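S.K.: Just structure.txt, nothing more (compact mmCIF, C-alpha atoms (C1' of nucleotides)):
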# COMPACT_ATOMS: atom_id res chain seq x y z
CA MET K 1117 -21.48 27.45 3.91
CA ALA K 1118 -20.01 26.20 0.70
CA ILE K 1119 -22.15 24.77 -2.05
CA ALA K 1120 -22.29 21.00 -1.93
CA ARG K 1121 -19.86 19.46 -4.37
CA PRO K 1122 -21.11 15.93 -4.76
CA THR K 1123 -18.40 14.85 -7.16
CA HIS K 1124 -15.82 15.66 -4.53
CA ARG K 1125 -17.38 13.77 -1.73
CA ARG K 1126 -15.38 10.66 -2.18
CA LEU K 1127 -12.11 12.08 -3.38
CA PHE K 1128 -10.01 10.06 -1.02
CA ALA K 1129 -11.86 6.87 -1.88
CA VAL K 1130 -11.31 7.49 -5.58
CA PHE K 1131 -7.65 8.29 -5.00
CA ASP K 1132 -7.23 5.16 -2.92
CA HIS K 1133 -8.87 2.97 -5.50
CA ALA K 1134 -6.97 4.51 -8.39
CA TYR K 1135 -3.70 4.01 -6.60
CA GLY K 1136 -4.49 0.41 -5.78
CA ARG K 1137 -5.20 -0.38 -9.38
CA LEU K 1138 -2.25 1.61 -10.67
CA SER K 1139 0.20 -0.03 -8.32
CA ARG K 1140 -1.01 -3.46 -9.39
CA ARG K 1141 -0.37 -2.44 -12.97
CA ALA K 1142 3.06 -1.13 -12.07
CA GLY K 1143 3.79 -4.38 -10.26
CA ALA K 1144 2.84 -6.34 -13.36
CA VAL K 1145 4.91 -4.09 -15.60
CA LEU K 1146 7.93 -4.53 -13.35
CA ALA K 1147 7.48 -8.27 -12.86
CA ASP K 1148 9.74 -9.21 -15.74
CA VAL K 1149 12.49 -6.97 -14.37
CA GLY K 1150 12.38 -9.09 -11.22
CA VAL K 1151 12.02 -6.14 -8.87
CA LYS K 1152 9.15 -5.42 -6.52
CA PRO K 1153 7.40 -2.05 -6.69
CA ALA K 1154 8.79 -0.63 -3.47
CA GLN K 1155 12.27 -1.72 -4.45
CA ALA K 1156 11.83 -0.09 -7.84
CA THR K 1157 10.88 3.16 -6.13
CA ALA K 1158 13.97 2.94 -3.96
CA LEU K 1159 16.23 2.18 -6.93
CA VAL K 1160 14.93 5.23 -8.77
CA TYR K 1161 15.43 7.45 -5.75
CA LEU K 1162 18.93 6.13 -5.15
CA GLY K 1163 19.83 6.93 -8.74
CA TYR K 1164 19.37 10.57 -7.85
CA HIS K 1165 20.69 10.37 -4.28
CA ASN K 1166 23.12 7.52 -4.20
CA GLY K 1167 24.83 7.10 -0.84
CA CYS K 1168 22.10 8.88 1.11
CA GLN K 1169 21.19 7.81 4.62
CA LEU K 1170 18.33 5.49 5.45
CA SER K 1171 16.19 8.27 6.86
CA GLU K 1172 16.58 10.33 3.73
CA LEU K 1173 15.64 7.33 1.61
CA ALA K 1174 12.60 6.80 3.81
CA ALA K 1175 11.47 10.39 3.36
CA GLY K 1176 12.28 10.17 -0.33
CA VAL K 1177 10.11 7.15 -0.95
CA GLY K 1178 7.41 8.39 1.37
CA ALA K 1179 7.66 5.70 4.03
CA GLY K 1180 8.86 5.41 7.60
CA ASN K 1181 12.25 4.30 8.84
CA ALA K 1182 11.05 0.89 9.94
CA ALA K 1183 9.69 0.11 6.51
CA VAL K 1184 12.93 1.11 4.86
CA THR K 1185 15.08 -0.97 7.19
CA GLY K 1186 13.34 -4.07 5.90
CA LEU K 1187 13.29 -2.85 2.33
CA VAL K 1188 17.04 -2.27 2.33
CA ASP K 1189 17.57 -5.64 4.04
CA ARG K 1190 15.86 -7.41 1.16
CA MET K 1191 17.69 -5.35 -1.44
CA VAL K 1192 21.03 -6.10 0.19
CA LYS K 1193 20.14 -9.78 0.18
CA THR K 1194 19.49 -9.72 -3.56
CA GLY K 1195 22.58 -7.65 -4.24
CA LEU K 1196 20.92 -4.46 -5.45
CA VAL K 1197 22.42 -2.14 -2.84
CA GLU K 1198 24.91 -2.14 0.00
CA ARG K 1199 24.89 -0.52 3.42
CA ARG K 1200 27.88 1.36 4.76
CA LYS K 1201 28.60 2.94 8.10
CA LEU K 1202 28.69 6.70 8.20
CA GLN K 1203 31.97 7.77 9.77
CA SER K 1204 30.82 11.28 10.54
CA ASP K 1205 27.97 9.95 12.68
CA GLY K 1206 28.08 6.60 14.36
CA ARG K 1207 24.32 6.20 14.24
CA GLY K 1208 23.94 6.59 10.52
CA LYS K 1209 24.18 4.17 7.63
CA THR K 1210 24.31 5.04 3.95
CA VAL K 1211 22.84 3.09 1.05
CA HIS K 1212 24.69 2.59 -2.23
CA LEU K 1213 23.64 1.08 -5.54
CA THR K 1214 25.69 -1.87 -6.70
CA PRO K 1215 26.46 -2.21 -10.43
CA ASP K 1216 23.68 -4.77 -10.45
CA GLY K 1217 21.30 -2.36 -8.80
CA LEU K 1218 22.21 0.33 -11.29
CA ALA K 1219 21.47 -2.01 -14.17
CA LYS K 1220 18.09 -2.91 -12.71
CA ARG K 1221 17.37 0.75 -12.24
CA GLU K 1222 17.85 1.36 -15.94
CA GLN K 1223 15.29 -1.30 -16.75
CA VAL K 1224 12.90 0.08 -14.17
CA MET K 1225 13.22 3.58 -15.61
CA GLN K 1226 12.36 2.27 -19.07
CA ARG K 1227 9.17 0.66 -17.80
CA LEU K 1228 8.14 3.62 -15.69
CA ARG K 1229 8.66 6.06 -18.52
CA THR K 1230 6.28 4.01 -20.63
CA LEU K 1231 3.79 3.92 -17.79
CA ASP K 1232 4.07 7.68 -17.35
CA GLU K 1233 3.42 8.24 -21.03
CA LYS K 1234 0.30 6.11 -20.97
CA LEU K 1235 -0.94 7.88 -17.87
CA SER K 1236 -0.39 11.37 -19.17
CA LYS K 1237 -0.97 11.09 -22.90
CA ASN K 1238 -4.62 12.16 -22.80
CA PHE K 1239 -3.92 15.33 -20.86
CA THR K 1240 -2.65 18.65 -22.01
CA ASP K 1241 0.28 20.36 -20.36
CA ALA K 1242 -2.09 22.74 -18.61
CA GLU K 1243 -4.08 19.82 -17.27
CA MET K 1244 -0.92 18.08 -16.14
CA GLU K 1245 -0.02 21.19 -14.18
CA ILE K 1246 -3.25 20.87 -12.25
CA ILE K 1247 -2.70 17.19 -11.67
CA TYR K 1248 0.81 17.80 -10.35
CA LYS K 1249 -0.46 20.56 -8.15
CA PHE K 1250 -3.07 18.21 -6.75
CA LEU K 1251 -0.58 15.42 -6.11
CA HIS K 1252 1.70 17.90 -4.44
CA THR K 1253 -1.14 19.10 -2.24
CA ALA K 1254 -1.86 15.52 -1.25
CA SER K 1255 1.81 14.99 -0.38
CA GLU K 1256 2.19 18.08 1.68
CA MET K 1257 -1.13 18.16 3.43
CA GLU K 1258 -0.93 18.66 7.15
CA THR K 1259 -3.33 17.27 9.68
CA MET Z 1445 7.79 13.10 -31.88
CA ALA Z 1446 6.28 14.89 -28.97
CA ILE Z 1447 8.05 17.71 -27.23
CA ALA Z 1448 9.82 16.55 -24.12
CA ARG Z 1449 7.66 17.14 -21.07
CA PRO Z 1450 10.12 17.11 -18.21
CA THR Z 1451 7.56 17.78 -15.54
CA HIS Z 1452 5.74 14.64 -16.57
CA ARG Z 1453 8.69 12.34 -16.54
CA ARG Z 1454 8.15 11.10 -13.05
CA LEU Z 1455 4.39 11.07 -12.89
CA PHE Z 1456 4.17 7.61 -11.43
CA ALA Z 1457 6.82 8.39 -8.84
CA VAL Z 1458 4.97 11.53 -7.80
CA PHE Z 1459 1.69 9.66 -7.65
CA ASP Z 1460 3.27 6.91 -5.60
CA HIS Z 1461 4.83 9.34 -3.18
CA ALA Z 1462 1.66 11.40 -2.83
CA TYR Z 1463 -0.36 8.29 -2.13
CA GLY Z 1464 2.08 7.07 0.47
CA ARG Z 1465 1.92 10.33 2.34
CA LEU Z 1466 -1.82 10.68 1.98
CA SER Z 1467 -2.50 7.18 3.22
CA ARG Z 1468 -0.35 7.79 6.27
CA ARG Z 1469 -2.38 10.87 6.95
CA ALA Z 1470 -5.61 8.96 6.50
CA GLY Z 1471 -4.32 6.29 8.85
CA ALA Z 1472 -3.57 8.92 11.47
CA VAL Z 1473 -6.95 10.55 11.01
CA LEU Z 1474 -8.68 7.20 11.44
CA ALA Z 1475 -6.56 6.07 14.36
CA ASP Z 1476 -8.93 7.41 16.98
CA VAL Z 1477 -11.81 5.58 15.34
CA GLY Z 1478 -9.90 2.37 15.95
CA VAL Z 1479 -10.17 1.16 12.38
CA LYS Z 1480 -7.32 0.44 9.98
CA PRO Z 1481 -7.30 2.12 6.57
CA ALA Z 1482 -8.19 -0.94 4.51
CA GLN Z 1483 -11.00 -1.78 6.90
CA ALA Z 1484 -12.27 1.78 6.66
CA THR Z 1485 -12.35 1.47 2.88
CA ALA Z 1486 -14.28 -1.77 3.16
CA LEU Z 1487 -16.75 -0.28 5.64
CA VAL Z 1488 -17.45 2.61 3.30
CA TYR Z 1489 -17.95 0.30 0.35
CA LEU Z 1490 -20.21 -2.01 2.33
CA GLY Z 1491 -22.36 0.95 3.28
CA TYR Z 1492 -23.24 1.27 -0.36
CA HIS Z 1493 -23.27 -2.44 -1.17
CA ASN Z 1494 -24.13 -4.24 2.01
CA GLY Z 1495 -24.44 -7.99 1.60
CA CYS Z 1496 -22.31 -8.12 -1.52
CA GLN Z 1497 -20.07 -11.07 -2.25
CA LEU Z 1498 -16.40 -11.22 -1.39
CA SER Z 1499 -15.33 -10.87 -5.02
CA GLU Z 1500 -17.41 -7.78 -5.48
CA LEU Z 1501 -15.96 -6.28 -2.33
CA ALA Z 1502 -12.49 -7.09 -3.62
CA ALA Z 1503 -13.16 -5.34 -6.92
CA GLY Z 1504 -14.81 -2.48 -5.05
CA VAL Z 1505 -11.84 -1.78 -2.83
CA GLY Z 1506 -9.35 -2.43 -5.62
CA ALA Z 1507 -7.70 -5.52 -4.20
CA GLY Z 1508 -7.57 -9.22 -5.00
CA ASN Z 1509 -9.69 -11.97 -3.50
CA ALA Z 1510 -6.92 -13.29 -1.30
CA ALA Z 1511 -6.41 -9.90 0.31
CA VAL Z 1512 -10.10 -9.56 1.04
CA THR Z 1513 -10.38 -13.00 2.60
CA GLY Z 1514 -7.94 -11.89 5.27
CA LEU Z 1515 -9.45 -8.43 5.56
CA VAL Z 1516 -12.90 -9.87 6.19
CA ASP Z 1517 -11.43 -12.40 8.63
CA ARG Z 1518 -10.06 -9.59 10.75
CA MET Z 1519 -13.25 -7.57 10.52
CA VAL Z 1520 -15.31 -10.57 11.56
CA LYS Z 1521 -12.98 -11.09 14.49
CA THR Z 1522 -13.53 -7.53 15.69
CA GLY Z 1523 -17.26 -7.73 15.07
CA LEU Z 1524 -17.55 -5.18 12.28
CA VAL Z 1525 -19.07 -7.52 9.70
CA GLU Z 1526 -20.35 -11.05 9.34
CA ARG Z 1527 -20.05 -13.64 6.59
CA ARG Z 1528 -23.04 -15.58 5.32
CA LYS Z 1529 -23.40 -18.42 2.86
CA LEU Z 1530 -25.06 -17.59 -0.41
CA GLN Z 1531 -27.85 -20.11 -0.95
CA SER Z 1532 -28.17 -19.38 -4.65
CA ASP Z 1533 -24.55 -20.39 -5.24
CA GLY Z 1534 -22.71 -22.79 -3.00
CA ARG Z 1535 -19.37 -21.16 -3.76
CA GLY Z 1536 -20.27 -17.67 -2.67
CA LYS Z 1537 -20.27 -15.86 0.65
CA THR Z 1538 -21.76 -12.47 1.38
CA VAL Z 1539 -20.51 -9.82 3.76
CA HIS Z 1540 -22.83 -7.83 6.01
CA LEU Z 1541 -22.25 -4.87 8.28
CA THR Z 1542 -23.10 -5.42 11.92
CA PRO Z 1543 -24.68 -2.56 13.90
CA ASP Z 1544 -21.22 -2.02 15.31
CA GLY Z 1545 -19.72 -1.89 11.84
CA LEU Z 1546 -22.35 0.57 10.75
CA ALA Z 1547 -21.56 2.84 13.67
CA LYS Z 1548 -17.86 2.75 12.88
CA ARG Z 1549 -18.66 3.53 9.29
CA GLU Z 1550 -20.40 6.72 10.31
CA GLN Z 1551 -17.32 7.87 12.17
CA VAL Z 1552 -15.11 6.94 9.26
CA MET Z 1553 -17.29 8.91 6.86
CA GLN Z 1554 -16.99 11.98 9.07
CA ARG Z 1555 -13.23 11.83 9.00
CA LEU Z 1556 -13.00 11.14 5.31
CA ARG Z 1557 -15.31 13.99 4.43
CA THR Z 1558 -13.04 16.34 6.34
CA LEU Z 1559 -10.03 14.90 4.56
CA ASP Z 1560 -11.73 15.32 1.19
CA GLU Z 1561 -12.52 18.93 1.93
CA LYS Z 1562 -8.93 19.70 2.83
CA LEU Z 1563 -7.70 17.94 -0.27
CA SER Z 1564 -10.03 19.70 -2.65
CA LYS Z 1565 -10.50 23.12 -1.13
CA ASN Z 1566 -7.84 24.85 -3.22
CA PHE Z 1567 -9.21 23.60 -6.52
CA THR Z 1568 -12.09 24.88 -8.58
CA ASP Z 1569 -14.81 22.59 -9.82
CA ALA Z 1570 -13.29 22.65 -13.29
CA GLU Z 1571 -9.94 21.62 -11.87
CA MET Z 1572 -11.55 18.87 -9.84
CA GLU Z 1573 -13.06 17.50 -13.03
CA ILE Z 1574 -9.59 17.12 -14.48
CA ILE Z 1575 -8.32 15.49 -11.33
CA TYR Z 1576 -11.16 12.99 -11.31
CA LYS Z 1577 -10.59 12.29 -14.96
CA PHE Z 1578 -6.96 11.61 -14.23
CA LEU Z 1579 -7.70 9.32 -11.31
CA HIS Z 1580 -10.20 7.49 -13.44
CA THR Z 1581 -7.62 7.08 -16.19
CA ALA Z 1582 -5.21 5.65 -13.66
CA SER Z 1583 -7.85 3.20 -12.45
CA GLU Z 1584 -8.88 1.99 -15.83
CA MET Z 1585 -5.54 1.89 -17.57
CA GLU Z 1586 -4.83 -1.33 -19.37
CA THR Z 1587 -1.43 -2.88 -19.80
C1' DA D 558 32.02 17.18 32.04
C1' DC D 559 27.35 15.19 32.52
C1' DA D 560 22.64 14.31 32.60
C1' DA D 561 18.73 15.18 29.66
C1' DA D 562 17.08 15.32 25.21
C1' DC D 563 17.29 14.16 20.62
C1' DT D 564 18.22 11.35 16.40
C1' DA D 565 19.26 7.04 13.51
C1' DA D 566 18.48 2.56 12.83
C1' DT D 567 16.57 -1.68 14.26
C1' DT D 568 13.23 -5.12 16.17
C1' DC D 569 8.62 -6.77 17.09
C1' DA D 570 3.62 -7.43 16.59
C1' DT D 571 0.32 -6.72 13.35
C1' DA D 572 -2.18 -5.29 8.99
C1' DT D 573 -2.30 -5.52 4.30
C1' DG D 574 -0.91 -6.57 -0.43
C1' DT D 575 0.55 -10.13 -4.33
C1' DG D 576 0.77 -14.55 -6.88
C1' DT D 577 0.09 -19.36 -6.92
C1' DA D 578 -2.02 -23.50 -5.86
C1' DC D 579 -6.01 -26.06 -4.15
C1' DT D 580 -10.95 -27.20 -3.02
C1' DT D 581 -15.52 -26.89 -3.91
C1' DT D 582 -19.24 -25.80 -6.76
C1' DC D 583 -21.33 -24.38 -11.16
C1' DT D 584 -22.01 -24.25 -16.04
C1' DC D 585 -21.94 -25.68 -20.47
C1' DC D 586 -21.26 -28.46 -24.35
C1' DG D 587 -21.22 -32.90 -26.67
C1' DC G 471 -25.65 -37.53 -18.31
C1' DG G 472 -20.76 -36.54 -17.76
C1' DG G 473 -16.55 -34.56 -18.06
C1' DA G 474 -13.91 -29.94 -19.23
C1' DG G 475 -13.34 -25.77 -17.55
C1' DA G 476 -14.57 -21.42 -15.14
C1' DA G 477 -15.51 -19.17 -10.76
C1' DA G 478 -15.48 -18.27 -5.57
C1' DG G 479 -13.04 -18.64 -1.50
C1' DT G 480 -9.21 -20.01 0.97
C1' DA G 481 -4.27 -21.28 2.24
C1' DC G 482 0.48 -20.28 1.91
C1' DA G 483 4.86 -17.92 1.14
C1' DC G 484 6.41 -13.63 0.93
C1' DA G 485 6.80 -8.23 0.38
C1' DT G 486 5.69 -4.12 2.45
C1' DA G 487 3.43 -0.84 5.68
C1' DT G 488 2.65 1.09 10.57
C1' DG G 489 3.51 2.14 15.55
C1' DA G 490 5.89 1.17 19.73
C1' DA G 491 9.84 -0.07 22.15
C1' DT G 492 14.92 -0.59 22.05
C1' DT G 493 19.73 0.41 21.29
C1' DA G 494 23.34 3.35 20.35
C1' DG G 495 25.44 7.62 19.34
C1' DT G 496 25.15 12.90 19.41
C1' DT G 497 24.00 17.40 21.10
C1' DT G 498 22.82 20.78 24.57
C1' DG G 499 22.31 23.33 28.79
C1' DT G 500 24.17 24.38 32.99
So, in terms of structure tokens, how does the structure I just supplied come out?

M.R.:
Amino acid sequence: MAIARPTHRRLFAVFDHAYGRLSRRAGAVLADVGVKPAQATALVYLGYHNGCQLSELAAGVGAGNAAVTGLVDRMVKTGLVERRKLQSDGRGKTVHLTPDGLAKREQVMQRLRTLDEKLSKNFTDAEMEIIYKFLHTASEMET
Amino acid sequence: MAIARPTHRRLFAVFDHAYGRLSRRAGAVLADVGVKPAQATALVYLGYHNGCQLSELAAGVGAGNAAVTGLVDRMVKTGLVERRKLQSDGRGKTVHLTPDGLAKREQVMQRLRTLDEKLSKNFTDAEMEIIYKFLHTASEMET
DNA sequence: ACAAACTAATTCATATGTGTACTTTCTCCG
DNA sequence: CGGAGAAAGTACACATATGAATTAGTTTGT
């Protein structure tokens, strides 16, 4: 039996709370860009994988297909991206940044870089390694 | 000027992604308890602060008042909690676990403890300190 | 070549979040 | 006392998430 580790008992709760607060902050930081947080995430991802399929975008932003269908709908409506049919596979659709979407992405990246700096500035590189390892563990954890 | 820290450039994105995946996992883990993730969070908080006011619950679970109004509505509807008027202040309402809510909370705690163990088992206590410090930083960060 | 199985995207019901506006109630200051 | 203003909850419009069911297109096994 492992020694009790009281400070670890509510890890998930702390993670959950921290994320809630952080995402509110991110939402506020992005408000003046006129893009919602989930859309910002998608714009960033698309900058690296422009023209990817919906499913890939879903995996990339860590959500399910259904969520991304609606997300892309709203982004198409506001002119940030466009959907195209995939000719190689009749089921697939690809998502492409518009010039407008690309411009918004630049602004988003500015804001997120600042946020990242604030988040990480009190940690050493060695500490950041641990934090990344932890976040990666949380991402990849299986049931 | 600081040295470029490429691995830190997308901290927020990594955090966001990790949270998305982790919360899906938590949702799946809680599915058999028949409680949604936000409700589970509220149940846990209420276990420590039963009878607190709505605003305190909101702060405790990291959401706004409006979100918690609806959350409590749904939990009242399914009999997990009840709302009472605060006599000391005509504006306030307090939230109380029902026996049913308390029972669900026990099940939730079981599941979350298991999740916590999986999340933290590959980290030493010293590493966990850093992770908690980071999560705390993320919670408390000001604009 | 075809039925069975799989995959991609969508739709639907529902849960949860935000910001804003509104109501009610308190508090505090002149 | 009495009105300005803060605070607590709620209502509303909307963004975003999930899971289940649906539709359509592709792949596979015989």

S.K.: Set the cut-off to 6 Å and count all atoms listed in the file: what are the residues of chain K that reach chain Z? Output as a PyMOL selection string.

M.R.: chain K and resi 1127-1128+1133-1134+1136-1138+1178+1232+1247+1251+1254-1255

S.K.: Which distance in Å separates atom CA of Z:Asn1509 and atom CA of Z:His1540, to one decimal?

M.R.: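 Distance reported for this atom pair: 16.7 Å.
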
S.K.: Find the residues in chain K near chain D: any atom within 12 Å counts, using only C-alpha atoms (C1' of nucleotides). Write them as a VMD selection string.

M.R.: chain K and resid 1136 to 1137 1139 to 1141 1143 to 1144 1147 1152 to 1154 1169 to 1172 1174 1180 to 1186 1188 to 1189 1199 1201 to 1202 1205 to 1210

S.K.: I need the residues from that last selection saved to file as a tab-separated table (two decimals), keeping the file's coordinate frame (with C-alpha atoms), if you can.

M.R.:
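Produced file result.tsv, reproduced below:
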chain	number	residue	atom	x	y	z
K	1136	GLY	CA	-4.49	0.41	-5.78
K	1137	ARG	CA	-5.20	-0.38	-9.38
K	1139	SER	CA	0.20	-0.03	-8.32
K	1140	ARG	CA	-1.01	-3.46	-9.39
K	1141	ARG	CA	-0.37	-2.44	-12.97
K	1143	GLY	CA	3.79	-4.38	-10.26
K	1144	ALA	CA	2.84	-6.34	-13.36
K	1147	ALA	CA	7.48	-8.27	-12.86
K	1152	LYS	CA	9.15	-5.42	-6.52
K	1153	PRO	CA	7.40	-2.05	-6.69
K	1154	ALA	CA	8.79	-0.63	-3.47
K	1169	GLN	CA	21.19	7.81	4.62
K	1170	LEU	CA	18.33	5.49	5.45
K	1171	SER	CA	16.19	8.27	6.86
K	1172	GLU	CA	16.58	10.33	3.73
K	1174	ALA	CA	12.60	6.80	3.81
K	1180	GLY	CA	8.86	5.41	7.60
K	1181	ASN	CA	12.25	4.30	8.84
K	1182	ALA	CA	11.05	0.89	9.94
K	1183	ALA	CA	9.69	0.11	6.51
K	1184	VAL	CA	12.93	1.11	4.86
K	1185	THR	CA	15.08	-0.97	7.19
K	1186	GLY	CA	13.34	-4.07	5.90
K	1188	VAL	CA	17.04	-2.27	2.33
K	1189	ASP	CA	17.57	-5.64	4.04
K	1199	ARG	CA	24.89	-0.52	3.42
K	1201	LYS	CA	28.60	2.94	8.10
K	1202	LEU	CA	28.69	6.70	8.20
K	1205	ASP	CA	27.97	9.95	12.68
K	1206	GLY	CA	28.08	6.60	14.36
K	1207	ARG	CA	24.32	6.20	14.24
K	1208	GLY	CA	23.94	6.59	10.52
K	1209	LYS	CA	24.18	4.17	7.63
K	1210	THR	CA	24.31	5.04	3.95

S.K.: Distance atom CA of Z:Val1477-atom CA of Z:Gly1545, one decimal place?

M.R.: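 We find that atom CA of Z:Val1477 and atom CA of Z:Gly1545 lie 11.4 Å from each other.
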
S.K.: Have a look at G:DG499, G:DG473, G:DG479, G:DG489 and name the one nearest to chain Z; count only C-alpha atoms (C1' of nucleotides).

M.R.: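 Checking each of G:DG499, G:DG473, G:DG479, G:DG489 against chain Z, counting only C-alpha atoms (C1' of nucleotides), the winner is G:DG479.
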
S.K.: K:Val1192, K:Leu1187, K:Leu1159, K:His1165: which is nearest chain G, counting only C-alpha atoms (C1' of nucleotides)?

M.R.: K:Leu1187

S.K.: Give the residues of chain G that lie within 8 Å of chain K; count only C-alpha atoms (C1' of nucleotides), and format the answer as number ranges by chain.

M.R.: G: 485-487, 494-496

S.K.: Mind pulling up the distance from atom CA of K:Tyr1164 to atom CA of K:Thr1194?

M.R.: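 Here the two named atoms are 20.7 Å from each other.
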
S.K.: My structure is short of atoms at stretch 1151-1158 of chain K; please model all heavy atoms there, returning them as a CSV table (one decimal), keeping the file's coordinate frame.

M.R.:
chain,number,residue,atom,x,y,z
K,1151,VAL,N,11.9,-7.1,-10.0
K,1151,VAL,CA,12.0,-6.1,-8.9
K,1151,VAL,C,10.6,-5.8,-8.4
K,1151,VAL,O,9.7,-5.7,-9.2
K,1151,VAL,CB,12.7,-4.8,-9.3
K,1151,VAL,CG1,12.7,-3.8,-8.3
K,1151,VAL,CG2,14.1,-5.1,-9.8
K,1152,LYS,N,10.4,-5.8,-7.1
K,1152,LYS,CA,9.2,-5.4,-6.5
K,1152,LYS,C,8.9,-3.9,-6.6
K,1152,LYS,O,9.9,-3.2,-6.6
K,1152,LYS,CB,9.1,-5.9,-5.1
K,1152,LYS,CG,9.2,-7.4,-4.9
K,1152,LYS,CD,7.9,-8.1,-5.5
K,1152,LYS,CE,8.1,-9.6,-5.4
K,1152,LYS,NZ,6.9,-10.2,-6.0
K,1153,PRO,N,7.7,-3.5,-6.5
K,1153,PRO,CA,7.4,-2.0,-6.7
K,1153,PRO,C,8.1,-1.1,-5.7
K,1153,PRO,O,8.7,-0.1,-6.1
K,1153,PRO,CB,5.9,-2.0,-6.5
K,1153,PRO,CG,5.4,-3.3,-6.9
K,1153,PRO,CD,6.5,-4.3,-6.5
K,1154,ALA,N,8.1,-1.5,-4.4
K,1154,ALA,CA,8.8,-0.6,-3.5
K,1154,ALA,C,10.3,-0.6,-3.7
K,1154,ALA,O,10.9,0.5,-3.6
K,1154,ALA,CB,8.5,-1.1,-2.1
K,1155,GLN,N,10.8,-1.7,-4.2
K,1155,GLN,CA,12.3,-1.7,-4.4
K,1155,GLN,C,12.6,-0.9,-5.7
K,1155,GLN,O,13.6,-0.2,-5.8
K,1155,GLN,CB,12.7,-3.2,-4.7
K,1155,GLN,CG,12.4,-4.0,-3.4
K,1155,GLN,CD,13.0,-5.4,-3.5
K,1155,GLN,OE1,13.9,-5.7,-4.3
K,1155,GLN,NE2,12.5,-6.3,-2.6
K,1156,ALA,N,11.7,-0.9,-6.6
K,1156,ALA,CA,11.8,-0.1,-7.8
K,1156,ALA,C,11.9,1.4,-7.5
K,1156,ALA,O,12.7,2.1,-7.9
K,1156,ALA,CB,10.7,-0.4,-8.8
K,1157,THR,N,10.9,1.8,-6.6
K,1157,THR,CA,10.9,3.2,-6.1
K,1157,THR,C,12.2,3.5,-5.5
K,1157,THR,O,12.7,4.6,-5.7
K,1157,THR,CB,9.7,3.3,-5.1
K,1157,THR,OG1,8.5,2.9,-5.8
K,1157,THR,CG2,9.6,4.8,-4.7
K,1158,ALA,N,12.7,2.7,-4.7
K,1158,ALA,CA,14.0,2.9,-4.0
K,1158,ALA,C,15.1,3.0,-5.0
K,1158,ALA,O,16.0,3.9,-4.8
K,1158,ALA,CB,14.2,1.9,-2.9
